[in-house]
>>> print(open('structure-v8.csv').read())   # CSV, C-alpha atoms
chain,number,residue,atom,x,y,z
A,1,MET,CA,35.1,-92.0,-71.6
A,2,ASP,CA,33.7,-94.8,-73.7
A,3,PHE,CA,32.9,-96.6,-70.5
A,4,ILE,CA,30.8,-93.8,-69.1
A,5,MET,CA,28.9,-93.4,-72.3
A,6,THR,CA,27.9,-96.9,-72.7
A,7,THR,CA,26.8,-97.3,-69.0
A,8,TYR,CA,23.8,-95.0,-69.6
A,9,SER,CA,20.9,-95.9,-71.8
A,10,LYS,CA,18.8,-93.4,-73.7
A,11,ASP,CA,16.0,-93.9,-71.3
A,12,GLN,CA,18.2,-93.1,-68.4
A,13,ILE,CA,19.4,-89.9,-70.0
A,14,PHE,CA,15.8,-89.0,-70.8
A,15,ASN,CA,14.9,-89.6,-67.1
A,16,LEU,CA,17.8,-87.5,-66.0
A,17,LEU,CA,16.9,-84.6,-68.3
A,18,SER,CA,13.3,-84.8,-67.2
A,19,GLU,CA,14.6,-83.0,-64.0
A,20,ILE,CA,15.1,-79.9,-66.1
A,21,PRO,CA,12.2,-77.5,-65.8
A,22,ASP,CA,11.2,-75.0,-68.4
A,23,PRO,CA,12.9,-71.8,-67.3
A,24,GLU,CA,9.8,-69.7,-67.7
A,25,ILE,CA,7.2,-72.2,-66.6
A,26,PRO,CA,9.0,-74.2,-63.9
A,27,VAL,CA,6.1,-76.6,-63.2
A,28,ILE,CA,6.7,-78.5,-66.4
A,29,ASN,CA,9.9,-80.0,-67.7
A,30,ILE,CA,11.4,-80.0,-71.1
A,31,ILE,CA,10.1,-83.4,-71.9
A,32,ASP,CA,6.5,-82.6,-70.9
A,33,LEU,CA,6.7,-79.6,-73.2
A,34,GLY,CA,8.1,-81.5,-76.1
A,35,ILE,CA,11.3,-79.5,-76.4
A,36,LEU,CA,13.6,-82.5,-75.9
A,37,ARG,CA,13.5,-84.5,-79.1
A,38,ASP,CA,16.3,-87.1,-79.0
A,39,VAL,CA,19.5,-88.3,-77.4
A,40,LYS,CA,22.2,-90.0,-79.4
A,41,PHE,CA,25.5,-91.5,-78.6
A,42,GLU,CA,28.2,-91.7,-81.2
A,43,ASN,CA,31.8,-92.6,-80.4
A,44,ASN,CA,32.6,-90.2,-77.5
A,45,LEU,CA,29.9,-87.7,-78.2
A,46,CYS,CA,26.5,-87.3,-76.6
A,47,THR,CA,24.2,-85.4,-78.8
A,48,VAL,CA,21.0,-83.9,-77.4
A,49,VAL,CA,18.4,-82.7,-79.9
A,50,ILE,CA,16.1,-79.9,-78.9
A,51,THR,CA,13.5,-77.8,-80.8
A,52,PRO,CA,12.4,-74.3,-79.9
A,53,THR,CA,8.8,-73.5,-79.1
A,54,TYR,CA,9.2,-70.1,-80.8
A,55,THR,CA,12.1,-69.2,-83.0
A,56,GLY,CA,13.0,-66.3,-80.8
A,57,CYS,CA,12.5,-68.1,-77.5
A,58,PRO,CA,15.1,-66.7,-75.2
A,59,ALA,CA,14.8,-69.7,-72.9
A,60,MET,CA,16.6,-72.0,-75.4
A,61,LYS,CA,20.1,-70.8,-74.4
A,62,VAL,CA,19.2,-71.4,-70.7
A,63,ILE,CA,17.8,-74.9,-71.5
A,64,GLU,CA,21.0,-75.7,-73.4
A,65,ASP,CA,23.2,-74.7,-70.5
A,66,ASP,CA,20.9,-76.7,-68.1
A,67,ILE,CA,21.3,-79.8,-70.3
A,68,ARG,CA,25.1,-79.5,-70.3
A,69,CYS,CA,25.2,-79.1,-66.5
A,70,LYS,CA,22.9,-82.1,-65.9
A,71,LEU,CA,25.0,-84.4,-68.1
A,72,LYS,CA,28.3,-83.2,-66.6
A,73,GLU,CA,26.9,-84.1,-63.2
A,74,ILE,CA,27.0,-87.8,-64.2
A,75,GLY,CA,30.3,-87.5,-65.9
A,76,ILE,CA,29.4,-86.9,-69.5
A,77,GLU,CA,31.7,-84.2,-70.8
A,78,ASN,CA,31.6,-84.4,-74.5
A,79,ILE,CA,28.2,-82.9,-75.3
A,80,LYS,CA,26.6,-81.4,-78.4
A,81,VAL,CA,23.3,-79.7,-78.2
A,82,GLU,CA,21.6,-79.6,-81.6
A,83,LEU,CA,18.8,-77.3,-82.4
A,84,VAL,CA,16.3,-78.5,-85.0
A,85,PHE,CA,13.3,-76.8,-86.6
A,86,SER,CA,11.8,-79.8,-88.3
A,87,PRO,CA,9.3,-81.1,-87.5
A,88,ALA,CA,8.1,-77.8,-86.1
A,89,TRP,CA,7.2,-77.7,-82.5
A,90,THR,CA,3.4,-77.8,-81.8
A,91,THR,CA,1.4,-77.4,-78.7
A,92,ASP,CA,-0.1,-80.8,-79.6
A,93,TRP,CA,3.1,-82.3,-78.1
A,94,ILE,CA,2.3,-81.1,-74.6
A,95,SER,CA,1.2,-84.2,-72.7
A,96,GLU,CA,-2.2,-84.4,-71.0
A,97,GLU,CA,-0.4,-84.6,-67.6
A,98,ALA,CA,1.6,-81.5,-68.3
A,99,LYS,CA,-1.6,-79.6,-69.3
A,100,GLU,CA,-3.1,-80.5,-65.9
A,101,LYS,CA,0.1,-79.1,-64.3
A,102,LEU,CA,-0.2,-75.9,-66.3
A,103,ARG,CA,-3.8,-75.5,-65.2
A,104,ALA,CA,-2.9,-76.1,-61.6
A,105,TYR,CA,-0.2,-73.4,-61.9
A,106,GLY,CA,-2.7,-70.9,-63.2
A,107,ILE,CA,-2.0,-71.1,-66.9
A,108,ALA,CA,-4.9,-72.2,-69.2
A,109,PRO,CA,-3.4,-75.0,-71.3
A,110,PRO,CA,-3.9,-75.1,-75.1
A,111,ASP,CA,-7.2,-76.9,-75.3
A,112,HIS,CA,-7.7,-77.6,-79.0
A,113,SER,CA,-5.5,-79.4,-81.4
A,114,THR,CA,-3.8,-77.2,-84.0
A,115,VAL,CA,-5.2,-79.6,-86.6
A,116,ASP,CA,-8.3,-77.4,-86.2
A,117,LYS,CA,-7.2,-74.4,-88.2
A,118,LYS,CA,-9.8,-72.2,-86.7
A,119,VAL,CA,-7.8,-72.0,-83.6
A,120,LEU,CA,-4.7,-70.6,-85.4
A,121,LEU,CA,-6.9,-68.2,-87.3
A,122,GLY,CA,-8.5,-66.6,-84.3
A,123,LYS,CA,-11.8,-68.3,-84.0
A,124,ALA,CA,-11.0,-70.0,-80.7
A,125,ARG,CA,-13.9,-71.0,-78.5
A,126,GLU,CA,-14.4,-70.0,-74.9
A,127,LEU,CA,-11.6,-70.8,-72.5
A,128,LYS,CA,-11.9,-72.1,-69.0
A,129,CYS,CA,-10.5,-69.9,-66.3
A,130,PRO,CA,-7.8,-72.0,-64.6
A,131,LEU,CA,-8.6,-70.5,-61.2
A,132,CYS,CA,-12.4,-70.8,-60.9
A,133,GLY,CA,-13.3,-72.9,-63.8
A,134,SER,CA,-15.7,-70.4,-65.3
A,135,ILE,CA,-16.0,-70.3,-69.1
A,136,HIS,CA,-17.0,-66.7,-68.9
A,137,THR,CA,-13.7,-65.3,-70.0
A,138,GLU,CA,-12.3,-62.8,-72.5
A,139,MET,CA,-9.0,-62.2,-74.3
A,140,ILE,CA,-7.1,-59.1,-73.3
A,141,SER,CA,-4.2,-59.5,-75.7
A,142,GLN,CA,-2.9,-62.2,-78.0
A,143,PHE,CA,0.6,-61.5,-76.7
A,144,GLY,CA,1.3,-62.2,-73.1
A,145,SER,CA,4.2,-62.4,-70.7
A,146,THR,CA,6.1,-64.8,-73.0
A,147,ALA,CA,6.1,-65.5,-76.7
A,148,CYS,CA,4.0,-68.7,-76.1
A,149,LYS,CA,1.2,-67.1,-74.1
A,150,ALA,CA,-1.8,-64.8,-74.5
A,151,LEU,CA,-3.4,-62.8,-71.8
A,152,TYR,CA,-7.0,-63.4,-70.7
A,153,ARG,CA,-9.3,-62.4,-67.9
A,154,CYS,CA,-12.1,-64.1,-66.1
A,155,LEU,CA,-15.3,-62.2,-66.0
A,156,ASP,CA,-16.6,-64.1,-63.0
A,157,CYS,CA,-13.6,-64.3,-60.5
A,158,LYS,CA,-12.1,-61.1,-62.2
A,159,GLU,CA,-8.6,-62.6,-62.2
A,160,PRO,CA,-6.3,-62.2,-65.2
A,161,PHE,CA,-4.6,-65.4,-66.4
A,162,ASP,CA,-2.2,-66.6,-69.0
A,163,TYR,CA,-3.3,-68.9,-71.8
A,164,PHE,CA,-0.8,-71.1,-73.6
A,165,LYS,CA,-1.5,-70.4,-77.2
A,166,CYS,CA,-2.1,-73.1,-79.7
A,167,LEU,CA,0.8,-73.3,-82.2
B,1,MET,CA,26.7,-66.8,-110.2
B,2,ASN,CA,26.2,-70.4,-108.9
B,3,ILE,CA,23.4,-71.9,-106.8
B,4,GLN,CA,25.4,-71.6,-103.6
B,5,GLU,CA,26.1,-67.9,-104.2
B,6,ALA,CA,22.5,-67.2,-105.2
B,7,LYS,CA,21.3,-69.0,-102.0
B,8,PHE,CA,23.6,-67.0,-99.8
B,9,GLU,CA,22.4,-63.8,-101.4
B,10,TYR,CA,18.7,-64.8,-101.1
B,11,LEU,CA,19.1,-65.8,-97.4
B,12,LEU,CA,20.7,-62.5,-96.6
B,13,ARG,CA,17.7,-60.7,-98.2
B,14,LEU,CA,15.3,-62.8,-96.1
B,15,GLY,CA,17.3,-62.7,-92.9
B,16,ASP,CA,18.2,-59.0,-93.1
B,17,SER,CA,14.6,-58.0,-93.6
B,18,SER,CA,13.5,-59.9,-90.5
B,19,LEU,CA,16.5,-58.6,-88.4
B,20,ILE,CA,16.0,-54.9,-89.3
B,21,ILE,CA,12.2,-54.9,-88.9
B,22,GLY,CA,12.6,-56.8,-85.6
B,23,HIS,CA,15.1,-54.2,-84.4
B,24,ARG,CA,12.8,-51.3,-85.5
B,25,LEU,CA,9.9,-52.9,-83.6
B,26,SER,CA,12.1,-53.3,-80.5
B,27,GLU,CA,12.4,-49.5,-80.4
B,28,TRP,CA,8.8,-49.5,-79.2
B,29,CYS,CA,9.8,-51.2,-75.9
B,30,GLY,CA,8.6,-49.0,-73.1
B,31,HIS,CA,6.9,-46.6,-75.6
B,32,GLY,CA,3.8,-48.6,-76.6
B,33,PRO,CA,0.5,-46.7,-76.5
B,34,ILE,CA,-0.9,-49.2,-73.9
B,35,LEU,CA,0.9,-51.9,-71.9
B,36,GLU,CA,-0.7,-54.8,-73.9
B,37,GLU,CA,0.5,-53.2,-77.2
B,38,ASP,CA,3.9,-52.6,-75.8
B,39,ILE,CA,4.2,-56.3,-74.9
B,40,ALA,CA,2.6,-57.4,-78.3
B,41,LEU,CA,5.1,-55.4,-80.4
B,42,ILE,CA,8.1,-56.7,-78.4
B,43,ASN,CA,6.8,-60.3,-78.7
B,44,ILE,CA,6.6,-59.8,-82.5
B,45,ALA,CA,10.0,-58.2,-82.5
B,46,LEU,CA,11.4,-61.2,-80.7
B,47,ASP,CA,9.9,-63.6,-83.3
B,48,PHE,CA,11.5,-61.6,-86.1
B,49,VAL,CA,14.9,-61.6,-84.5
B,50,GLY,CA,14.5,-65.3,-83.9
B,51,ASN,CA,13.6,-65.9,-87.5
B,52,ALA,CA,16.6,-63.7,-88.5
B,53,THR,CA,18.9,-65.8,-86.3
B,54,SER,CA,18.0,-69.0,-88.0
B,55,ILE,CA,18.1,-67.6,-91.5
B,56,LEU,CA,21.4,-65.8,-91.0
B,57,ALA,CA,23.0,-68.8,-89.3
B,58,TYR,CA,22.0,-70.9,-92.4
B,59,ALA,CA,23.3,-68.1,-94.6
B,60,GLY,CA,26.7,-68.3,-92.9
B,61,GLN,CA,26.8,-72.1,-93.4
B,62,THR,CA,25.9,-71.7,-97.0
B,63,GLU,CA,28.6,-69.1,-97.6
B,64,GLY,CA,31.1,-71.4,-95.9
B,65,ASN,CA,33.6,-68.7,-94.8
B,66,GLY,CA,33.1,-69.3,-91.1
B,67,ARG,CA,30.8,-66.3,-90.6
B,68,ASP,CA,28.0,-67.1,-88.1
B,69,GLU,CA,24.7,-65.2,-87.5
B,70,ASP,CA,26.4,-62.7,-85.2
B,71,ALA,CA,29.2,-61.9,-87.6
B,72,LEU,CA,26.6,-61.3,-90.3
B,73,ALA,CA,24.3,-59.2,-88.1
B,74,TYR,CA,27.0,-57.1,-86.4
B,75,LEU,CA,30.0,-56.9,-88.6
B,76,ARG,CA,28.6,-55.7,-91.9
B,77,SER,CA,28.0,-52.1,-92.8
B,78,GLU,CA,24.9,-50.7,-94.5
B,79,ARG,CA,26.0,-51.2,-98.1
B,80,GLU,CA,26.2,-54.9,-97.3
B,81,PHE,CA,22.7,-55.2,-95.9
B,82,ARG,CA,20.0,-56.6,-98.2
B,83,ASN,CA,16.9,-55.8,-96.2
B,84,LEU,CA,13.9,-54.4,-97.9
B,85,LEU,CA,13.7,-50.6,-97.6
B,86,ILE,CA,10.2,-50.7,-95.9
B,87,THR,CA,11.7,-52.6,-93.0
B,88,GLU,CA,14.2,-49.8,-92.1
B,89,GLN,CA,11.7,-47.0,-92.2
B,90,PRO,CA,11.3,-45.2,-88.8
B,91,ASN,CA,8.4,-46.2,-86.6
B,92,GLY,CA,6.7,-42.8,-86.8
B,93,ASP,CA,3.4,-42.7,-84.8
B,94,TYR,CA,1.6,-45.9,-83.8
B,95,ALA,CA,-0.6,-45.8,-86.9
B,96,ASN,CA,2.5,-45.6,-89.1
B,97,THR,CA,4.0,-48.6,-87.4
B,98,ILE,CA,0.8,-50.6,-87.9
B,99,ALA,CA,0.6,-49.6,-91.6
B,100,ARG,CA,4.2,-50.8,-92.1
B,101,GLN,CA,3.7,-54.0,-90.2
B,102,PHE,CA,0.5,-54.8,-92.0
B,103,LEU,CA,2.1,-54.3,-95.5
B,104,PHE,CA,5.1,-56.3,-94.5
B,105,ASP,CA,3.4,-59.0,-92.4
B,106,THR,CA,1.0,-59.8,-95.3
B,107,TYR,CA,4.0,-60.1,-97.6
B,108,MET,CA,5.8,-62.4,-95.1
B,109,PHE,CA,2.7,-64.5,-94.6
B,110,PHE,CA,2.3,-65.3,-98.3
B,111,LEU,CA,6.0,-65.6,-99.0
B,112,TYR,CA,6.7,-68.0,-96.1
B,113,GLU,CA,3.6,-70.0,-97.1
B,114,GLU,CA,5.3,-70.6,-100.4
B,115,LEU,CA,8.7,-71.2,-98.8
B,116,LYS,CA,7.3,-74.1,-96.8
B,117,ASN,CA,7.4,-76.0,-100.1
B,118,SER,CA,11.0,-75.3,-100.8
B,119,LYS,CA,13.1,-78.2,-102.0
B,120,ASP,CA,15.8,-76.9,-99.6
B,121,GLU,CA,15.0,-78.8,-96.4
B,122,THR,CA,16.5,-76.3,-94.0
B,123,LEU,CA,14.7,-73.4,-95.6
B,124,ALA,CA,11.5,-75.3,-95.7
B,125,ALA,CA,11.8,-76.2,-92.0
B,126,ILE,CA,12.4,-72.6,-90.9
B,127,ALA,CA,9.5,-71.5,-93.1
B,128,VAL,CA,7.1,-74.0,-91.5
B,129,LYS,CA,8.1,-72.8,-88.0
B,130,SER,CA,8.0,-69.1,-88.9
B,131,HIS,CA,4.8,-69.2,-90.8
B,132,LYS,CA,2.9,-70.2,-87.7
B,133,GLU,CA,4.3,-67.2,-85.9
B,134,ILE,CA,3.6,-64.8,-88.8
B,135,THR,CA,0.0,-66.0,-88.8
B,136,TYR,CA,-0.3,-64.5,-85.2
B,137,HIS,CA,1.4,-61.3,-86.2
B,138,LEU,CA,-0.7,-60.8,-89.3
B,139,ARG,CA,-3.9,-61.3,-87.3
B,140,HIS,CA,-2.8,-58.7,-84.8
B,141,THR,CA,-1.8,-56.0,-87.3
B,142,THR,CA,-4.9,-56.7,-89.4
B,143,GLU,CA,-7.2,-56.2,-86.4
B,144,TRP,CA,-5.4,-52.8,-85.7
B,145,MET,CA,-5.9,-51.8,-89.4
B,146,TYR,CA,-9.7,-52.2,-88.9
B,147,ARG,CA,-9.7,-50.6,-85.5
B,148,LEU,CA,-7.7,-47.5,-86.5
B,149,GLY,CA,-9.0,-47.2,-90.0
B,150,ASP,CA,-12.6,-47.5,-89.0
B,151,GLY,CA,-12.1,-45.7,-85.7
B,152,THR,CA,-12.0,-42.0,-85.1
B,153,ALA,CA,-11.4,-39.3,-87.7
B,154,GLU,CA,-7.9,-38.8,-86.3
B,155,SER,CA,-6.9,-42.5,-86.2
B,156,HIS,CA,-8.3,-42.9,-89.7
B,157,GLU,CA,-6.3,-40.0,-91.0
B,158,ARG,CA,-3.1,-41.1,-89.3
B,159,LEU,CA,-3.3,-44.6,-90.7
B,160,GLN,CA,-4.1,-43.3,-94.2
B,161,ASN,CA,-1.1,-41.1,-94.0
B,162,GLY,CA,1.1,-44.0,-92.9
B,163,LEU,CA,-0.1,-46.1,-95.8
B,164,ASN,CA,0.4,-43.3,-98.3
B,165,ASP,CA,3.9,-42.7,-97.1
B,166,LEU,CA,5.0,-46.3,-97.2
B,167,TRP,CA,3.3,-47.4,-100.4
B,168,MET,CA,6.3,-46.5,-102.6
B,169,PHE,CA,8.4,-49.1,-100.9
B,170,THR,CA,6.0,-52.0,-101.6
B,171,PRO,CA,6.8,-52.8,-105.3
B,172,GLU,CA,10.4,-53.6,-104.2
B,173,MET,CA,9.1,-56.6,-102.3
B,174,PHE,CA,8.2,-58.4,-105.5
B,175,ASP,CA,11.3,-57.6,-107.5
B,176,MET,CA,13.1,-60.6,-108.9
B,177,ASP,CA,16.6,-60.8,-110.4
B,178,GLU,CA,19.2,-63.4,-111.4
B,179,VAL,CA,19.2,-64.7,-107.8
B,180,ASP,CA,15.5,-65.5,-107.9
B,181,ALA,CA,15.6,-66.9,-111.4
B,182,LEU,CA,18.3,-69.4,-110.5
B,183,LEU,CA,16.6,-70.6,-107.3
B,184,ILE,CA,13.1,-70.7,-108.8
B,185,LYS,CA,14.5,-73.1,-111.4
B,186,GLU,CA,15.8,-75.4,-108.6
B,187,GLY,CA,12.5,-75.3,-106.7
B,188,ILE,CA,14.1,-73.6,-103.8
B,189,VAL,CA,12.2,-70.3,-103.8
B,190,PRO,CA,8.8,-69.2,-105.2
B,191,ASP,CA,8.0,-67.0,-108.1
B,192,LEU,CA,7.2,-63.7,-106.4
B,193,ASN,CA,4.4,-62.9,-109.0
B,194,LYS,CA,2.4,-65.6,-107.2
B,195,VAL,CA,3.1,-63.9,-103.8
B,196,LYS,CA,2.3,-60.5,-105.3
B,197,ALA,CA,-1.2,-61.6,-106.5
B,198,SER,CA,-2.1,-63.0,-103.1
B,199,TRP,CA,-0.7,-59.9,-101.4
B,200,GLU,CA,-2.5,-57.4,-103.6
B,201,LYS,CA,-5.8,-59.2,-103.1
B,202,ARG,CA,-5.6,-59.4,-99.3
B,203,VAL,CA,-4.2,-55.8,-98.9
B,204,LYS,CA,-7.1,-54.4,-101.0
B,205,GLU,CA,-9.7,-56.3,-99.0
B,206,VAL,CA,-8.4,-55.1,-95.7
B,207,ILE,CA,-7.9,-51.5,-96.8
B,208,ALA,CA,-11.5,-51.5,-98.1
B,209,GLU,CA,-12.9,-53.0,-95.0
B,210,ALA,CA,-11.0,-50.6,-92.8
B,211,THR,CA,-12.7,-47.7,-94.8
B,212,LEU,CA,-9.3,-46.6,-96.1
B,213,LYS,CA,-8.2,-45.7,-99.6
B,214,LEU,CA,-5.7,-47.5,-101.7
B,215,PRO,CA,-2.8,-45.1,-102.0
B,216,GLU,CA,-2.4,-43.7,-105.5
B,217,THR,CA,1.4,-43.3,-105.4
B,218,THR,CA,3.0,-44.8,-108.5
B,219,PHE,CA,6.5,-43.8,-107.6
B,220,LYS,CA,8.7,-46.8,-106.7
B,221,GLN,CA,11.6,-46.5,-104.4
B,222,LYS,CA,14.1,-49.4,-104.8
B,223,GLY,CA,17.7,-50.1,-104.0
B,224,SER,CA,18.1,-52.7,-101.3
B,225,ARG,CA,19.2,-55.4,-103.7
B,226,GLU,CA,22.3,-53.4,-104.4
B,227,GLY,CA,22.7,-52.3,-100.8
B,228,LYS,CA,21.4,-48.8,-101.5
B,229,HIS,CA,19.4,-47.8,-98.5
B,230,SER,CA,17.6,-44.8,-97.0
B,231,GLU,CA,19.6,-42.8,-94.6
B,232,HIS,CA,17.8,-44.4,-91.7
B,233,LEU,CA,19.6,-47.7,-91.9
B,234,GLY,CA,23.0,-46.3,-91.0
B,235,PHE,CA,21.6,-44.8,-87.7
B,236,LEU,CA,19.8,-48.1,-86.9
B,237,LEU,CA,23.0,-50.1,-87.4
B,238,ALA,CA,25.1,-47.7,-85.4
B,239,GLU,CA,22.9,-48.4,-82.4
B,240,MET,CA,22.3,-52.1,-83.1
B,241,GLN,CA,26.0,-52.9,-83.7
B,242,TYR,CA,27.6,-50.6,-81.1
B,243,VAL,CA,28.1,-53.0,-78.2
B,244,HIS,CA,29.3,-55.9,-80.4
B,245,ARG,CA,31.8,-53.7,-82.2
B,246,SER,CA,33.1,-52.0,-79.0
B,247,PHE,CA,33.6,-55.3,-77.2
B,248,PRO,CA,34.5,-57.8,-79.9
B,249,ASP,CA,33.8,-61.5,-79.2
B,250,SER,CA,32.5,-60.8,-75.7
B,251,ASN,CA,29.9,-63.1,-74.2
B,252,TRP,CA,27.1,-62.5,-71.7
>>> encode(input="structure-v8.csv", output="structure tokens")
Amino acid sequence: MDFIMTTYSKDQIFNLLSEIPDPEIPVINIIDLGILRDVKFENNLCTVVITPTYTGCPAMKVIEDDIRCKLKEIGIENIKVELVFSPAWTTDWISEEAKEKLRAYGIAPPDHSTVDKKVLLGKARELKCPLCGSIHTEMISQFGSTACKALYRCLDCKEPFDYFKCL
Amino acid sequence: MNIQEAKFEYLLRLGDSSLIIGHRLSEWCGHGPILEEDIALINIALDFVGNATSILAYAGQTEGNGRDEDALAYLRSEREFRNLLITEQPNGDYANTIARQFLFDTYMFFLYEELKNSKDETLAAIAVKSHKEITYHLRHTTEWMYRLGDGTAESHERLQNGLNDLWMFTPEMFDMDEVDALLIKEGIVPDLNKVKASWEKRVKEVIAEATLKLPETTFKQKGSREGKHSEHLGFLLAEMQYVHRSFPDSNW
């Protein structure tokens, strides 16, 4: 056991876990999204630290199971998945590369930093349609297909689209 | 009562209120007036249940008797629940639900804003996380207050009726007892008088802008701190706990 643990570096584990997609947005992985926070080895135990996007996010359980499966594939059996709330997850952690993947997938990425409080308080500026690029869009509902998304529509290409809310 | 006991009791009050209002809201699933609202209410319900999961898990750890969040949610009866009475009130019509959510979300918003400064690290971390979500909820319910209040004669009347009916449950939100006193002294929880001042100011502003009248009811209905609930809680728990009690310890 000890042998297996010490043969993997933290970077290697991160690399391996980067193969796990978000269950609800499969084009980005749990590292792109900022859900995976840390990996620690202590004695025989591999601790993986994750944080939820939303407290009630139903995908957390699936992500935990996926992490266990992935680690077992390379022979790590003694696994603890720890859920932490602090620091609280923010859309600011989504990498630029991941934002581009979201856009290509048809989801408008969060385009402002939450440091700008106006975004949280409802004074968001115009959003670009991820399909045709028009900024002629409007919000249909603040609550979309998952906890982290709002529903918009494009007034030019007429297509509805999801927007990943700033949090 | 020591700090640990006070903290357990306080966490039950917080967690139970979120759990019960989350369950109530989930009853709108498939019944919302329009699809977007159906989705919105269920999103909000999910956030509340998520918040309850974290708080009740922490309550269980604080108690130290091996009870987890599921044991606390599913294996207590109504006299052991500490949720605020307003959270267990039936949904009524859509305006009634909006009135209840507005009064409660505004309370949550200011309460959790204070809890972010708690000297208890876990509670503060949960509060930071939940406060972001509550901000979205409050924005949503406040917009509906304006839309229904300043809408048609019928939507105005229905919302006013909802506010009038629920008003007597609001003073209980700011009640403090030995539990609060102990924890305030430790810097773990805020003095609710501060929360009350912010709540009253904001609620009055929104009610006025929505062309509604501040209810005149002075009657106060209390009891949740001692586990004395309205008859509605028993029915809610019967439904919520049924599967868990019928198939103990089963897993999906």
>>> closest_atom_pairs(input="structure-v8.csv", of="chain A", to="chain B", cutoff="12 Å", atoms="all atoms listed in the file", output="tab-separated table")
residue	atom	partner	partner_atom	distance
A:Thr51	CA	B:Lys129	CA	10.3
A:Pro52	CA	B:Lys129	CA	9.3
A:Thr53	CA	B:Lys129	CA	9.0
A:Tyr54	CA	B:Asp47	CA	7.0
A:Thr55	CA	B:Gly50	CA	4.7
A:Gly56	CA	B:Gly50	CA	3.6
A:Cys57	CA	B:Gly50	CA	7.3
A:Pro58	CA	B:Leu46	CA	8.6
A:Ala59	CA	B:Gly50	CA	11.9
A:Met60	CA	B:Gly50	CA	11.0
A:Lys61	CA	B:Trp252	CA	11.2
A:Val62	CA	B:Trp252	CA	11.9
A:Leu83	CA	B:Ser54	CA	10.0
A:Val84	CA	B:Ala125	CA	8.6
A:Phe85	CA	B:Ala125	CA	5.6
A:Ser86	CA	B:Ala125	CA	5.2
A:Pro87	CA	B:Ala125	CA	7.1
A:Ala88	CA	B:Lys129	CA	5.3
A:Trp89	CA	B:Lys129	CA	7.4
A:Thr90	CA	B:Lys129	CA	9.2
A:Thr91	CA	B:Lys132	CA	11.6
A:Thr114	CA	B:Lys132	CA	10.4
A:Lys117	CA	B:Lys132	CA	10.9
A:Lys118	CA	B:Thr135	CA	11.8
A:Val119	CA	B:Tyr136	CA	10.7
A:Leu120	CA	B:Thr135	CA	7.4
A:Leu121	CA	B:Thr135	CA	7.4
A:Gly122	CA	B:Arg139	CA	7.6
A:Lys123	CA	B:Arg139	CA	11.1
A:Met139	CA	B:Glu36	CA	11.1
A:Ile140	CA	B:Glu36	CA	7.7
A:Ser141	CA	B:Glu36	CA	6.1
A:Gln142	CA	B:Ala40	CA	7.3
A:Phe143	CA	B:Ala40	CA	4.8
A:Gly144	CA	B:Ile39	CA	6.8
A:Ser145	CA	B:Ile39	CA	7.4
A:Thr146	CA	B:Asn43	CA	7.3
A:Ala147	CA	B:Asn43	CA	5.6
A:Cys148	CA	B:Asn43	CA	9.2
A:Lys149	CA	B:Asn43	CA	9.9
A:Ala150	CA	B:Ala40	CA	9.4
A:Leu151	CA	B:Glu36	CA	8.7
A:Tyr152	CA	B:Glu36	CA	11.1
A:Lys165	CA	B:Tyr136	CA	10.0
A:Cys166	CA	B:Lys132	CA	9.9
A:Leu167	CA	B:Lys132	CA	6.7
>>> atom_distance(input="structure-v8.csv", atom1="atom CA of A:Leu71", atom2="atom CA of A:Cys46")
9.1 Å
>>> residues_around(input="structure-v8.csv", residues="A:Cys129", least_positions_apart="2", cutoff="12 Å", atoms="all atoms listed in the file", output="PyMOL selection string")
chain A and resi 102-109+111+126-127+131-139+151-163
>>> atom_distance(input="structure-v8.csv", atom1="atom CA of A:Pro110", atom2="atom CA of B:Gly22")
26.8 Å
>>> residues_around(input="structure-v8.csv", residues="B:Asp191", least_positions_apart="4", cutoff="12 Å", atoms="all atoms listed in the file", output="number ranges by chain")
B: 110-111, 114-115, 118, 173-177, 179-187, 195-198
>>> atom_distance(input="structure-v8.csv", atom1="atom CA of A:Ile50", atom2="atom CA of A:Val81")
7.2 Å
>>> closest_residue(input="structure-v8.csv", among="B:Ile3, B:Ile20, B:Leu233, B:Ile188", to="B:Lys119", atoms="all atoms listed in the file")
B:Ile188
>>> residues_around(input="structure-v8.csv", residues="stretch 16-26 of chain A", least_positions_apart="6", cutoff="7 Å", atoms="all atoms listed in the file", output="list of chain:residue names")
A:Ala59, A:Asp66, A:Ile67, A:Lys70
>>> write_last_selection(input="structure-v8.csv", atoms="C-alpha atoms", output="PDB file, in the coordinates of the input")
ATOM      1  CA  ALA A  59      14.800 -69.700 -72.900  1.00  0.00           C
ATOM      2  CA  ASP A  66      20.900 -76.700 -68.100  1.00  0.00           C
ATOM      3  CA  ILE A  67      21.300 -79.800 -70.300  1.00  0.00           C
ATOM      4  CA  LYS A  70      22.900 -82.100 -65.900  1.00  0.00           C
TER       5      LYS A  70
END
>>> residues_around(input="structure-v8.csv", residues="stretch 219-231 of chain B", least_positions_apart="3", cutoff="6 Å", atoms="all atoms listed in the file", output="ChimeraX atom specification")
/B:79-82,84,168-169,172
>>> residues_around(input="structure-v8.csv", residues="B:Gly162", least_positions_apart="5", cutoff="7 Å", atoms="all atoms listed in the file", output="list of chain:residue names")
B:Ala95, B:Asn96, B:Ala99
>>> closest_residue(input="structure-v8.csv", among="A:Lys99, A:Lys10, A:Lys80, A:Lys72", to="A:Gly34", atoms="all atoms listed in the file")
A:Lys99
>>> axis_aligned_box(input="structure-v8.csv", around="stretch 44-47 of chain A", padding_each_side="8 Å", output="JSON")
{"center_x": 28.4, "center_y": -87.8, "center_z": -77.7, "size_x": 24.4, "size_y": 20.8, "size_z": 18.2}
